[in-house]
Each structure stands twice: as C-alpha cells, then as structure tokens.
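**Q** Take this structure, written in structure tokens, and hold onto it; I'll ask about it next.
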Protein chains: 2
Amino acid sequence: MLNYKNDVHGGDVERIAREYGFDPDDILDYSANINPLPLPDGMGEYIAKNLDVLRRYPDREYLELRNAIAAYEGITAEKIIVGNGATELIYLAVRALRPERVLIPAPSFGDYERAFTGMDTKVNFFPLREEDGFELDIESFLTELEKGCQMIILCNPNNPTGKLINIDKLNRIMLTAEKNGIWVILDETFLEFAPDRKKATALNIIKNYNNLFIVKAFTKFFAVPGLRLGYAIADPGLLANVMPYKEPWSVNAFASLLGPWFLKQKGFIKKSREWIMEERPFFIKSLKEVEGLKVFESQANFVLVKLTNPYWRVSGLKTALEGIGIMIRDAGSFRFLDENYFRLAIRERKKNLKLIGELDDLLQQYKS
Amino acid sequence: MLNYKNDVHGGDVERIAREYGFDPDDILDYSANINPLPLPDGMGEYIAKNLDVLRRYPDREYLELRNAIAAYEGITAEKIIVGNGATELIYLAVRALRPERVLIPAPSFGDYERAFTGMDTKVNFFPLREEDGFELDIESFLTELEKGCQMIILCNPNNPTGKLINIDKLNRIMLTAEKNGIWVILDETFLEFAPDRKKATALNIIKNYNNLFIVKAFTKFFAVPGLRLGYAIADPGLLANVMPYKEPWSVNAFASLLGPWFLKQKGFIKKSREWIMEERPFFIKSLKEVEGLKVFESQANFVLVKLTNPYWRVSGLKTALEGIGIMIRDAGSFRFLDENYFRLAIRERKKNLKLIGELDDLLQQYKS
C-alpha cells in the first residue's frame with residue numbers, strides 16, 4: 001500500500017464554503033489552477049438545445065469529439081482517446097502498462113503516485129531540488145534512466161513548481177527512454193499557459209516515438225474542472241494496448257457535446273493567452289515585493305511560494321485567509337516539500353491585488 | 001487476457017445513424033434498455049441557471065448528491081458512494097477487492113467479465129439454463145459457492161434474461177456467501193422496473209451484511225445514459241476499503257447537479273412505474289403472438305427472445321430492421337447464448353406496435 005501523503009487537492013470550494021458559511025461563488029479560490037476568465041457566452045442555450053444527448057449512450061468512439069480535438073491539435077483522430085479528465089487517462093495508462101518500476105520527478109501531482117494503488121509497481125521519485133530552482137537536472141535524470149525502469153511520468157510545466165522542460169531536453173529524455181524500453185507519460189495539462197507552448201509541446205516529436213503518451217485536458221485552460229474532459233495523444237499501436245483496460249462511456253454526453261464547442265471559442269482562447277502573458281510577470285513581480293516570501297519563477301498559471309517569515313506557518317496563513325474567503329493550496333502534501341510551501345493560482349488583476357494585499361498585511365503583523 | 005466475446009453493447013445509435021444516414025433522433029432504439037418517457041420539463045432552465053458548477057471541481061465528497069440519494073433510498077449517506085454510471089463502481093469494487101476466483105451467473109452483463117482485464121482473477125461462469133427459463137437454480141448455485149470463490153456478481157433482475165431473484169433466495173445466497181467469505185456485488189440497475197421492487201431490493205437486508213455491495217444507476221430508470229451517474233450502497237467499512245482505489249471527480253458537475261433534481265421528479269417516477277406495469281405484459285403477450293419467436297418472461301424493462309423461424313438468423317433480422325431505422329440487441333455476444341437470441345427494450349405502445357408489426361412482416365416473408 002502506498003503512503004497517501006499526496007492525496008490532497010486544491011479547489012475544494014464546496015467544503016470551505018460549508019465550513020465557513022460562505023456562498024461558494026464568493027470565495028476567492030487561489031488553490032485550484034484554473035483560468036479565471038468568465039465562461040464564453042451562449043453555453044447555456046447550446047446545452048438547452050441539445051438536452052437529448054442525455055437520452056442516448058455517448059458514442060463509444062466519441063468520433064465527433066475526437067475529430068474536433070484532432071483539428072485543434074493538428075493531428076489525426078486515430079492518435080486520440082478521450083477520458084474523464086486527464087486523471088482517468090493517467091490511471092488508465094498505468095493500469096494497462098503496469099511497469100515493474102516507475103520513476104517520477106517530484107514534487108509533482110499527487111495522483112501520479114496514487115494511480116499505482118494496489119499494484120506491485122515500485123514507485124520511485126527523482127528529486128527536483130530547491131537549489132536548482134526546482135528545474136529538472138537533465139544529466140542526472142538521464143543517468144538514472146539508464147539504471148532501469150519501465151515508465152516515467154513527467155508534468156510539463158510541472159505542478160506545483162511551474163517549471164517547463166524545453167523541447168530539446170524532452171527529446172533527449174525520449175531518446176534515452178526509447179533506447180531503454182521506457183514508457184513516457186507526459187502531462188501537458190498546463191502547457192496552454194506556457195509562453196513557448198507551440199515550441200514546447202511534445203506533439204512536435206510524437207511521430208518519432210511509440211512509447212510516448214501525452215495527456216491534456218479542458219479543465220485548466222477552458223476553466224471547466226466540473227466538466228471532466230481530457231484526452232491522450234499517442235501512437236495508435238500504444239492506444240490499442242491501453243483500450244482493453246478502458247471503462248466505457250467515461251466522458252458524459254454534456255462533456256462530449258461541449259468539447260468541440262469550447263475549441264471553437266476563438267475569442268476566449270485569445271483573451272486567455274493575453275491575460276496569462278500579461279498577468280504572470282505582474283503577479284510574480286508583485287509577490288516578490290511581499291516581505292517574508294520566496295517566490296519561484298513559473299511558466300504555468302500558478303506560482304510556488306516558500307514562506308520565509310519565521311513567525312508564520314502555512315497552516316496558520318491558510319486558516320487566516322480562509323476566514324476572509326481566500327483559499328490557497330498548502331503545498332506541504334507534495335513529496336519533498338514541507339509546511340513552509342504553498343501554491344497560488346494566477347487570477348484576474350483586481351483579485352490578485354486583493355490577495356497580495358491581504359498576504360502582505362498578515363505577514364507584516366508578525367515579523368522579525 | 002480475457003476473451004472479449006462480451007465487449008458489445010446496445011444503444012450505439014450514433015454509429016447506426018452515421019452508417020445509414022439517419023438522424024439519430026429518428027431511430028427506434030430497441031437495443032438499449034432505457035425508460036422511453038420524455039425527460040421531465042425544466043431541466044434545460046435548471047442547468048442554464050447553474051452553469052457555474054462547471055467552474056469548480058465537483059465536491060470530492062459529493063455530499064449534496066449523496067444526501068439526496070440517501071433520502072430517496074431511505075438510508076444514511078455514509079453507506080453511499082457515487083460513480084460514473086454503475087460501470088465505474090463495478091470496476092472499482094473488482095479492482096479493490098481483487099478476488100482469486102469470481103463466479104458470475106451467465107448469460108449476464110458483459111462488463112462484469114471485462115472488469116477483470118489484466119487481473120489474475122480466475123473468472124468462472126455459472127450457467128443459467130434455457131430449460132429453467134434462465135432462472136437461477138439456487139440449490140446448485142449454493143453448492144457451487146461452497147466450493148470456493150471470493151466474489152460473485154449478480155444482476156437483479158438479470159440482463160439479458162429479465163429474471164428476478166426474490167429476496168428469500170437472495171438472503172440464502174448472502175448467508176452462504178458470508179459463511180464462506182465471499183463478496184457479493186449486486187447490480188440492481190433494473191430493479192426500479194420490477195413489479196415487486198420494494199420487496200425485492202437487497203436494501204431490506206443490507207444492515208445484516210458487510211460483504212454486500214449494491215450498485216444502482218440513474219441511467220435506465222431516469223433514461224439518461226448520457227449523464228453517467230450511478231451509486232453503490234454498502235457497509236461503510238467496505239466502502240472505506242474500496243475508496244483508495246477510486247479516481248477522483250469521476251462524476252461530472254452536471255451529473256452531480258441533476259441527480260438530486262431527478263429524484264424530485266415525482267410525476268416522472270409515478271408515470272414511469274405506471275407505464276412499465278401496463279406495457280410489459282402487453283408487450284410480452286403481443287410478441288408471443290408473432291410466429292417464429294420464443295419469448296421469455298421478464299421482470300425488467302426488456303425481453304429476451306429466441307428466433308425459432310429456421311429461415312432467419314438474428315444477424316439478418318438485425319440488418320433488415322436497421323435498414324428501416326430500428327435497432328435491436330443481438331444477444332449472441334452474451335456468454336452461453338448464440339446467434340438465435342436477441343433482446344428488445346420495452347418502449348411506448350405506439351412504437352411497440354410498429355416494432356412488432358415489422359418483426360411479424362419480416363418473419364412471415366420466409367417461413368416453413
């Protein structure tokens with residue numbers, strides 16, 4: 001049995017609202033890494049017009065949905081499978097490929113580890129070090145790969161550190177992985193927010209590798225974690241290997257209906273990119289001005305922060321902020337991090353200023 | 001690796017519509033076992049008012065949803081977990097409890113078998129015999145249980161045979177199972193349609209057994225297979241054992257929102273019960289009048305039929321009906337059945353008359 005240190009998630013707005021008596025809509029959620037832009041107009045009408053999709057089982061092949069994703073990503077639909085969020089697809093690959101040993105750079109998303117529950121797989125972690133700014137040390141990582149494992153799971157950019165592995169490094173990892181018979185599960189859930197996303201995506205090299213399983217989701221960029229819609233991109237031969245393990249119809253009819261609709265919202269997509277490119281540098285710069293925090297650079301839509309004010313612990317800061325309706329993500333549950341780390345989503349300017357102001361007020365109340 | 005003989009499902013309306021150039025809404029689907037009544041009014045407006053549920057991760061505990069189900073079933077919420085249709089919960093129990101040997105009465109739902117993909121479990125089948133009208137022979141079954149297995153999976157009423165195990169027999173099975181350390185997965189997905197559902201449900205005896213895992217779903221009775229919403233009822237200790245294996249947020253926000261709403265649709269529930277109690281006997285009686293068919297009695301919302309006209313095979317009958325926009329479920333993919341069996345959902349009177357008329361026309365074209 002694995003240790004469930006990592007079985008914690010952000011975004012538990014409903015529970016916090018219940019506990020503190022807030023309306024869920026009034027809570028400032030900095031704990032979940034979601035695009036804060038409002039939903040595109042017209043979705044309600046579109047659903048109301050298509051309620052009858054509920055009356056049928058979803059198309060088991062999800063052909064329309066996969067075709068829409070294929071057109072968006074510029075690849076063919078035979079390389080795509082869809083799932084109940086990226087999470088289902090990661091669990092699926094793990095269950096189907098069943099490695100003897102897996103290597104996961106950490107800190108990273110806790111469900112990678114949790115996906116091995118009940119399996120005999122030896123789950124090992126490759127430490128990302130604070131002194132490297134949590135960048136992956138590619139040389140030692142490649143050396144480690146030569147020592148034997150059958151799977152690695154990479155998050156790019158990585159959650160919670162925000163660090164991106166560039167395409168050259170990724171290609172070196174893929175070459176070593178291929179040579180050593182290693183499956184690579186690559187989670188690009190946050191890549192849509194990265195500055196160099198078009199250069200950075202492994203879609204550029206997927207045709208060269210049949211051991212690469214890229215996972216993406218609508219959750220973060222389209223800001224619909226409630227929809228549960230993700231997809232995986234891989235060589236059709238690899239997909240054929242995992243399909244026998246897939247539970248049928250895991251994407252519900254609304255998600256299947258709305259996927260293609262979201263991909264057509266060009267205005268939303270453009271505005272989202274403009275927002276993150278402008279807001280990320282501002283957010284990081286402003287946070288850095290708060291005394292008592294160490295802020296790590298990020299290529300994602302969230303920022304890892306270390307509390308350096310010795311009068312505070314993250315648990316206390318979190319409780320104080322919850323009391324005024326602000327949620328942050330205690331990052332102490334991530335492997336190799338401790339009670340001094342937390343993670344903040346990047347949101348809209350006005351809210352960011354409010355958060356940073358409150359953080360500053362709290363930290364300046366007690367300081368050395 | 002298991003044999004995927006059973007990896008076939010009804011309800012693939014989208015594919016048939018694509019193949020024959022029909023509008024999916026014009027197809028008469030007798031292949032999926034779904035309540036044919038129209039959706040209750042007001043659902044579109046209710047969703048449109050609550051679109052923001054998409055913006056948050058679903059409550060990981062699904063507390064409102066579980067409370068609503070608890071009230072409907074007359075039990076406490078701690079005995080309930082929710083899932084992406086009954087299917088997810090069956091796969092979950094199998095993965096978590098991981099028996100060495102499982103015994104499944106068959107023919108039955110193919111995904112029971114498929115849930116063991118990639119596991120070392122020995123999957124054995126207890127044959128339901130045509131000469132018994134596909135009723136479970138309780139005495140031989142109990143004897144078989146004494147011979148050693150760790151799990152049984154029962155469908156009640158059973159798909160595709162329509163046969164119900166009454167509560168006394170069920171209790172005898174439970175006693176033997178308990179004595180022999182056997183988990184019982186009991187699929188009551190179709191029980192809402194049964195004449196004696198209140199007497200027949202294992203909810204009456206669940207407090208006596210911590211080895212019983214009852215699975216139910218909104219799919220069939222509320223006619224929303226696209227929603228993907230099911231639940232399991234079991235002793236909290238058993239639920240605690242399976243929860244570490246559960247993927248998070250598998251029920252999407254719309255499903256979580258609509259579950260409680262459906263359970264409040266008293267008019268729909270009442271009308272549905274009246275429809276099935278009136279239509280089932282009429283449908284079976286009318287089918288029996290068609291020459292060339294052997295019709296099995298059913299306590300569910302579907303009927304198993306054997307083709308006895310020697311000039312026809314089900315494959316030919318199916319193709320002929322598809323050509324006029326009617327789908328039936330070839331039951332040859334069910335274990336122990338062959339190319340002479342098919343399954344028909346029960347629908348509205350007018351459509352049933354049309355189906356039966358077309359069946360009669362086709363069968364009378366060629367006969368001995």
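Here's how to read the names in the structure tokens: chain A, B, ... by the order shown, residue numbers from 1 in each chain, ligand numbers from 1 in the order shown.
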Please, which residues of region 203-347 of chain A, numbered as in this document, come out strand (DSSP E) from DSSP, as a list in words?

**A** Leu212, Phe213, Ile214, Val215, Lys216, Ala217, Gly230, Tyr231, Ala232, Ile233, Ala234, Leu293, Lys294, Val295, Phe302, Val303, Leu304, Val305, Lys306, Leu307, Ile326, Met327, Arg329, Asp330, Tyr341, Phe342, Arg343, Leu344 and Ala345 of chain A

**Q** If we count only C-alpha atoms, which residues of chain A reach to within 8 Å of chain B? Please list them as number ranges by chain.

**A** A: 11-15, 44-45, 47-48, 51, 53-60, 84, 87-88, 91, 96, 117-118, 223-228, 244-245, 247-254

**Q** With C-alpha atoms kept, could you save the residues just selected as a compact mmCIF listing (two decimals), in the first residue's frame?

**A**
# COMPACT_ATOMS: atom_id res chain seq x y z
CA GLY A 11 -10.22 23.56 -5.40
CA ASP A 12 -12.33 22.17 -2.60
CA VAL A 13 -14.53 25.27 -2.63
CA GLU A 14 -17.71 23.50 -1.60
CA ARG A 15 -16.18 22.15 1.57
CA GLY A 44 -26.49 27.57 -21.58
CA GLU A 45 -28.51 27.97 -24.77
CA ILE A 47 -26.91 22.87 -23.85
CA ALA A 48 -30.64 23.60 -23.61
CA LEU A 51 -30.62 18.09 -23.90
CA VAL A 53 -27.85 13.90 -25.84
CA LEU A 54 -28.57 12.66 -22.31
CA ARG A 55 -31.09 10.17 -23.67
CA ARG A 56 -28.54 8.13 -25.55
CA TYR A 57 -25.35 6.42 -24.52
CA PRO A 58 -22.45 8.56 -25.70
CA ASP A 59 -20.89 7.39 -28.97
CA ARG A 60 -18.42 4.76 -27.72
CA ASN A 84 -12.89 11.73 -17.68
CA THR A 87 -6.77 11.82 -14.42
CA GLU A 88 -8.67 8.90 -15.96
CA TYR A 91 -4.77 5.87 -14.30
CA ALA A 96 -2.56 -1.07 -18.82
CA THR A 117 -2.58 1.91 -5.59
CA GLY A 118 -2.85 -1.85 -5.23
CA ALA A 223 -11.73 26.59 -16.79
CA VAL A 224 -14.20 23.74 -16.56
CA PRO A 225 -12.94 21.32 -13.90
CA GLY A 226 -16.56 20.28 -13.38
CA LEU A 227 -16.86 19.08 -16.99
CA ARG A 228 -14.33 16.22 -16.64
CA PRO A 244 -8.95 -3.01 -23.38
CA TYR A 245 -8.49 -1.50 -19.91
CA GLU A 247 -14.12 1.72 -18.85
CA PRO A 248 -16.80 2.53 -21.43
CA TRP A 249 -18.58 5.94 -21.67
CA SER A 250 -16.47 7.67 -19.02
CA VAL A 251 -16.99 11.02 -20.78
CA ASN A 252 -20.55 12.10 -20.25
CA ALA A 253 -22.81 13.42 -23.00
CA PHE A 254 -22.54 17.08 -21.93

**Q** Can you pull out the residues contacting Gly133 (chain A)? Cut-off 9 Å, using only C-alpha atoms, and skip same-chain residues under 4 positions away; I want them as a list of chain:residue names.

**A**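 Counting only the stated atoms, we get A:Leu128, A:Arg129, A:Thr161, A:Lys163, A:Phe296, A:Glu297.
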
**Q** Produce a file of the selected residues containing N, CA and C atoms, as an mmCIF file, in the first residue's frame.

**A**
data_model
loop_
_atom_site.group_PDB
_atom_site.id
_atom_site.type_symbol
_atom_site.label_atom_id
_atom_site.label_comp_id
_atom_site.auth_asym_id
_atom_site.auth_seq_id
_atom_site.Cartn_x
_atom_site.Cartn_y
_atom_site.Cartn_z
ATOM 1 N N LEU A 128 13.502 16.943 -7.467
ATOM 2 C CA LEU A 128 13.763 18.256 -8.047
ATOM 3 C C LEU A 128 14.225 19.123 -6.876
ATOM 4 N N ARG A 129 15.380 19.771 -7.014
ATOM 5 C CA ARG A 129 15.964 20.421 -5.841
ATOM 6 C C ARG A 129 15.722 21.919 -5.801
ATOM 7 N N THR A 161 5.648 23.237 -9.275
ATOM 8 C CA THR A 161 6.811 24.123 -9.361
ATOM 9 C C THR A 161 6.727 25.136 -10.497
ATOM 10 N N LYS A 163 7.759 24.764 -13.505
ATOM 11 C CA LYS A 163 8.936 24.700 -14.385
ATOM 12 C C LYS A 163 8.681 23.883 -15.654
ATOM 13 N N PHE A 296 9.062 31.403 -6.589
ATOM 14 C CA PHE A 296 9.754 30.699 -7.668
ATOM 15 C C PHE A 296 9.158 31.086 -9.017
ATOM 16 N N GLU A 297 10.033 31.306 -9.983
ATOM 17 C CA GLU A 297 9.567 31.642 -11.338
ATOM 18 C C GLU A 297 8.688 30.517 -11.880
#

**Q** DSSP on the backbone, helix (DSSP H, G or I) only: what residues of region 235-340 of chain B does that give? Format it as number ranges by chain.

**A** B: 236-245, 253-263, 266-288, 314-323, 331-333

**Q** Please identify all polymer residues within 10 Å of region 309-318 of chain A, counting only C-alpha atoms, omitting same-chain residues fewer than 2 positions from it, and present them as a PyMOL selection string.

**A** chain A and resi 291-294+306-307+320-323+326-332+338-342+359+362-368

**Q** Nearest residue to Asn301 (chain A) out of A:Pro127, A:Pro260, A:Pro160, A:Gly267, using only C-alpha atoms?

**A**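 The shortest atom-to-atom distance to Asn301 (chain A) comes from A:Pro160.
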
**Q** Between CA of Leu304 (chain A) and CA of Arg349 (chain A), measure the distance and give it in Å to one decimal.

**A**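 CA of Leu304 (chain A) sits 18.3 Å away from CA of Arg349 (chain A).
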
**Q** If you count only C-alpha atoms, which residues fall within 7 Å of Thr121 (chain B), apart from same-chain ones fewer than 2 positions away, as a VMD selection string?

**A** chain B and resid 99 to 102 116 119 123

**Q** Suppose we keep all heavy atoms; can you now write the selection as a PDB file, in the first residue's frame?

**A**
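Dumped everything to out-v3.pdb:
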ATOM      1  N   PRO B  99     -10.471 -10.520  -6.177  1.00  0.00           N
ATOM      2  CA  PRO B  99     -10.630 -11.921  -5.763  1.00  0.00           C
ATOM      3  C   PRO B  99      -9.732 -12.854  -6.575  1.00  0.00           C
ATOM      4  O   PRO B  99      -9.364 -12.529  -7.704  1.00  0.00           O
ATOM      5  CB  PRO B  99     -12.098 -12.200  -6.091  1.00  0.00           C
ATOM      6  CG  PRO B  99     -12.402 -11.286  -7.245  1.00  0.00           C
ATOM      7  CD  PRO B  99     -11.594 -10.031  -6.984  1.00  0.00           C
ATOM      8  N   GLU B 100      -9.403 -13.992  -5.988  1.00  0.00           N
ATOM      9  CA  GLU B 100      -8.650 -15.004  -6.741  1.00  0.00           C
ATOM     10  C   GLU B 100      -9.551 -15.690  -7.766  1.00  0.00           C
ATOM     11  O   GLU B 100      -9.140 -16.023  -8.853  1.00  0.00           O
ATOM     12  CB  GLU B 100      -8.091 -16.070  -5.789  1.00  0.00           C
ATOM     13  CG  GLU B 100      -6.769 -15.686  -5.164  1.00  0.00           C
ATOM     14  CD  GLU B 100      -6.285 -16.779  -4.230  1.00  0.00           C
ATOM     15  OE1 GLU B 100      -6.312 -17.963  -4.625  1.00  0.00           O
ATOM     16  OE2 GLU B 100      -5.893 -16.436  -3.090  1.00  0.00           O
ATOM     17  N   ARG B 101     -10.795 -15.911  -7.326  1.00  0.00           N
ATOM     18  CA  ARG B 101     -11.756 -16.539  -8.242  1.00  0.00           C
ATOM     19  C   ARG B 101     -13.104 -15.839  -8.078  1.00  0.00           C
ATOM     20  O   ARG B 101     -13.519 -15.540  -6.958  1.00  0.00           O
ATOM     21  CB  ARG B 101     -11.902 -18.025  -7.900  1.00  0.00           C
ATOM     22  CG  ARG B 101     -12.920 -18.753  -8.780  1.00  0.00           C
ATOM     23  CD  ARG B 101     -12.954 -20.267  -8.507  1.00  0.00           C
ATOM     24  NE  ARG B 101     -13.980 -20.890  -9.323  1.00  0.00           N
ATOM     25  CZ  ARG B 101     -15.106 -21.449  -8.851  1.00  0.00           C
ATOM     26  NH1 ARG B 101     -15.348 -21.494  -7.556  1.00  0.00           N
ATOM     27  NH2 ARG B 101     -15.986 -21.973  -9.682  1.00  0.00           N
ATOM     28  N   VAL B 102     -13.747 -15.536  -9.188  1.00  0.00           N
ATOM     29  CA  VAL B 102     -15.067 -14.926  -9.155  1.00  0.00           C
ATOM     30  C   VAL B 102     -16.030 -15.842  -9.901  1.00  0.00           C
ATOM     31  O   VAL B 102     -15.649 -16.493 -10.876  1.00  0.00           O
ATOM     32  CB  VAL B 102     -15.058 -13.513  -9.785  1.00  0.00           C
ATOM     33  CG1 VAL B 102     -14.687 -13.563 -11.271  1.00  0.00           C
ATOM     34  CG2 VAL B 102     -16.412 -12.812  -9.618  1.00  0.00           C
ATOM     35  N   PHE B 116     -12.338  -7.519 -15.166  1.00  0.00           N
ATOM     36  CA  PHE B 116     -11.183  -8.275 -14.659  1.00  0.00           C
ATOM     37  C   PHE B 116      -9.984  -8.248 -15.611  1.00  0.00           C
ATOM     38  O   PHE B 116      -8.989  -8.930 -15.366  1.00  0.00           O
ATOM     39  CB  PHE B 116     -11.597  -9.726 -14.370  1.00  0.00           C
ATOM     40  CG  PHE B 116     -12.533  -9.841 -13.203  1.00  0.00           C
ATOM     41  CD1 PHE B 116     -13.906  -9.813 -13.390  1.00  0.00           C
ATOM     42  CD2 PHE B 116     -12.041  -9.929 -11.907  1.00  0.00           C
ATOM     43  CE1 PHE B 116     -14.783  -9.886 -12.317  1.00  0.00           C
ATOM     44  CE2 PHE B 116     -12.906 -10.010 -10.829  1.00  0.00           C
ATOM     45  CZ  PHE B 116     -14.281  -9.981 -11.035  1.00  0.00           C
ATOM     46  N   MET B 119      -6.161  -8.695 -14.736  1.00  0.00           N
ATOM     47  CA  MET B 119      -6.019  -9.205 -13.369  1.00  0.00           C
ATOM     48  C   MET B 119      -5.800 -10.719 -13.422  1.00  0.00           C
ATOM     49  O   MET B 119      -6.113 -11.378 -14.401  1.00  0.00           O
ATOM     50  CB  MET B 119      -7.266  -8.870 -12.553  1.00  0.00           C
ATOM     51  CG  MET B 119      -7.387  -7.378 -12.292  1.00  0.00           C
ATOM     52  SD  MET B 119      -8.924  -6.961 -11.402  1.00  0.00           S
ATOM     53  CE  MET B 119      -8.790  -8.050  -9.989  1.00  0.00           C
ATOM     54  N   VAL B 123     -11.947 -16.163 -13.722  1.00  0.00           N
ATOM     55  CA  VAL B 123     -13.344 -15.772 -13.932  1.00  0.00           C
ATOM     56  C   VAL B 123     -14.142 -16.990 -14.388  1.00  0.00           C
ATOM     57  O   VAL B 123     -13.909 -17.521 -15.472  1.00  0.00           O
ATOM     58  CB  VAL B 123     -13.448 -14.643 -14.985  1.00  0.00           C
ATOM     59  CG1 VAL B 123     -14.905 -14.227 -15.184  1.00  0.00           C
ATOM     60  CG2 VAL B 123     -12.598 -13.439 -14.577  1.00  0.00           C
TER      61      VAL B 123
END

**Q** Do a neighbour search on region 105-110 of chain A at 8 Å with only C-alpha atoms, toss out local chain neighbours closer than 5 positions, and write the hits as a PDB file with N, CA, C and O atoms, in the first residue's frame.

**A**
ATOM      1  N   ASN A   6       0.191  12.370  -0.526  1.00  0.00           N
ATOM      2  CA  ASN A   6      -0.148  13.240  -1.646  1.00  0.00           C
ATOM      3  C   ASN A   6      -1.631  13.285  -1.988  1.00  0.00           C
ATOM      4  O   ASN A   6      -2.013  13.905  -2.956  1.00  0.00           O
ATOM      5  N   ASP A   7      -2.458  12.625  -1.233  1.00  0.00           N
ATOM      6  CA  ASP A   7      -3.876  12.553  -1.576  1.00  0.00           C
ATOM      7  C   ASP A   7      -4.640  13.788  -1.104  1.00  0.00           C
ATOM      8  O   ASP A   7      -5.578  13.719  -0.317  1.00  0.00           O
ATOM      9  N   VAL A   8      -4.207  14.926  -1.594  1.00  0.00           N
ATOM     10  CA  VAL A   8      -4.797  16.215  -1.240  1.00  0.00           C
ATOM     11  C   VAL A   8      -4.908  16.977  -2.546  1.00  0.00           C
ATOM     12  O   VAL A   8      -4.065  16.844  -3.417  1.00  0.00           O
ATOM     13  N   PHE A 125      11.016   8.226  -6.744  1.00  0.00           N
ATOM     14  CA  PHE A 125      10.934   9.645  -7.055  1.00  0.00           C
ATOM     15  C   PHE A 125      12.316  10.207  -7.354  1.00  0.00           C
ATOM     16  O   PHE A 125      13.293   9.868  -6.672  1.00  0.00           O
ATOM     17  N   PHE A 126      12.371  11.051  -8.370  1.00  0.00           N
ATOM     18  CA  PHE A 126      13.617  11.726  -8.700  1.00  0.00           C
ATOM     19  C   PHE A 126      13.492  13.146  -8.166  1.00  0.00           C
ATOM     20  O   PHE A 126      12.658  13.919  -8.645  1.00  0.00           O
ATOM     21  N   PRO A 127      14.312  13.515  -7.165  1.00  0.00           N
ATOM     22  CA  PRO A 127      14.087  14.800  -6.502  1.00  0.00           C
ATOM     23  C   PRO A 127      14.426  16.015  -7.377  1.00  0.00           C
ATOM     24  O   PRO A 127      15.509  16.079  -7.951  1.00  0.00           O
ATOM     25  N   LEU A 128      13.502  16.943  -7.467  1.00  0.00           N
ATOM     26  CA  LEU A 128      13.763  18.256  -8.047  1.00  0.00           C
ATOM     27  C   LEU A 128      14.225  19.123  -6.876  1.00  0.00           C
ATOM     28  O   LEU A 128      13.547  19.183  -5.851  1.00  0.00           O
ATOM     29  N   LEU A 136      14.490  20.455 -13.563  1.00  0.00           N
ATOM     30  CA  LEU A 136      14.952  19.067 -13.695  1.00  0.00           C
ATOM     31  C   LEU A 136      16.426  19.062 -14.106  1.00  0.00           C
ATOM     32  O   LEU A 136      16.790  19.672 -15.115  1.00  0.00           O
ATOM     33  N   ILE A 153       6.876   9.448 -15.431  1.00  0.00           N
ATOM     34  CA  ILE A 153       5.724  10.348 -15.564  1.00  0.00           C
ATOM     35  C   ILE A 153       6.226  11.778 -15.367  1.00  0.00           C
ATOM     36  O   ILE A 153       6.761  12.119 -14.302  1.00  0.00           O
ATOM     37  N   LEU A 154       6.070  12.578 -16.408  1.00  0.00           N
ATOM     38  CA  LEU A 154       6.535  13.963 -16.370  1.00  0.00           C
ATOM     39  C   LEU A 154       5.340  14.900 -16.494  1.00  0.00           C
ATOM     40  O   LEU A 154       4.425  14.647 -17.279  1.00  0.00           O
ATOM     41  N   CYS A 155       5.389  16.010 -15.762  1.00  0.00           N
ATOM     42  CA  CYS A 155       4.360  17.043 -15.844  1.00  0.00           C
ATOM     43  C   CYS A 155       5.052  18.278 -16.408  1.00  0.00           C
ATOM     44  O   CYS A 155       6.051  18.722 -15.846  1.00  0.00           O
ATOM     45  N   ASN A 158       5.561  21.734 -14.796  1.00  0.00           N
ATOM     46  CA  ASN A 158       5.312  20.870 -13.645  1.00  0.00           C
ATOM     47  C   ASN A 158       4.450  21.545 -12.578  1.00  0.00           C
ATOM     48  O   ASN A 158       4.613  22.724 -12.273  1.00  0.00           O
ATOM     49  N   ASN A 159       3.561  20.769 -12.019  1.00  0.00           N
ATOM     50  CA  ASN A 159       2.746  21.165 -10.876  1.00  0.00           C
ATOM     51  C   ASN A 159       3.371  20.539  -9.636  1.00  0.00           C
ATOM     52  O   ASN A 159       3.563  19.328  -9.626  1.00  0.00           O
ATOM     53  N   PRO A 160       3.765  21.280  -8.618  1.00  0.00           N
ATOM     54  CA  PRO A 160       3.450  22.680  -8.307  1.00  0.00           C
ATOM     55  C   PRO A 160       4.570  23.668  -8.614  1.00  0.00           C
ATOM     56  O   PRO A 160       4.452  24.828  -8.240  1.00  0.00           O
ATOM     57  N   THR A 161       5.648  23.237  -9.275  1.00  0.00           N
ATOM     58  CA  THR A 161       6.811  24.123  -9.361  1.00  0.00           C
ATOM     59  C   THR A 161       6.727  25.136 -10.497  1.00  0.00           C
ATOM     60  O   THR A 161       7.456  26.126 -10.495  1.00  0.00           O
ATOM     61  N   PHE A 334       2.869  17.856  -1.025  1.00  0.00           N
ATOM     62  CA  PHE A 334       3.679  17.396  -2.156  1.00  0.00           C
ATOM     63  C   PHE A 334       4.969  16.785  -1.629  1.00  0.00           C
ATOM     64  O   PHE A 334       5.610  17.331  -0.723  1.00  0.00           O
ATOM     65  N   ARG A 335       5.353  15.667  -2.222  1.00  0.00           N
ATOM     66  CA  ARG A 335       6.570  14.977  -1.829  1.00  0.00           C
ATOM     67  C   ARG A 335       7.782  15.918  -1.905  1.00  0.00           C
ATOM     68  O   ARG A 335       7.918  16.679  -2.864  1.00  0.00           O
ATOM     69  N   PHE A 336       8.630  15.878  -0.908  1.00  0.00           N
ATOM     70  CA  PHE A 336       9.863  16.685  -0.780  1.00  0.00           C
ATOM     71  C   PHE A 336       9.601  18.154  -0.430  1.00  0.00           C
ATOM     72  O   PHE A 336      10.542  18.932  -0.318  1.00  0.00           O
ATOM     73  N   LEU A 337       8.343  18.568  -0.315  1.00  0.00           N
ATOM     74  CA  LEU A 337       8.083  19.917   0.189  1.00  0.00           C
ATOM     75  C   LEU A 337       7.631  19.773   1.640  1.00  0.00           C
ATOM     76  O   LEU A 337       7.287  18.694   2.098  1.00  0.00           O
TER      77      LEU A 337
END

**Q** Between CA of Gly230 (chain A) and CA of Ile90 (chain B), what is the distance in Å, rounded to a tenth?

**A**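 About the pair CA of Gly230 (chain A) and CA of Ile90 (chain B): they are 22.3 Å apart.
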
**Q** What is the CA of Glu144 (chain B) to CA of Leu238 (chain B) distance in Å?

**A**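 Atom-to-atom, CA of Glu144 (chain B) to CA of Leu238 (chain B), that is 24.4 Å.
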
**Q** Compile the contact shell of Lys169 (chain A) as an MDAnalysis selection string: residues with an atom at most 12 Å away, counting only C-alpha atoms, same-chain residues fewer than 6 positions apart removed.

**A** chainID A and resid 135:139 141:142 156 175:176 200:202 205
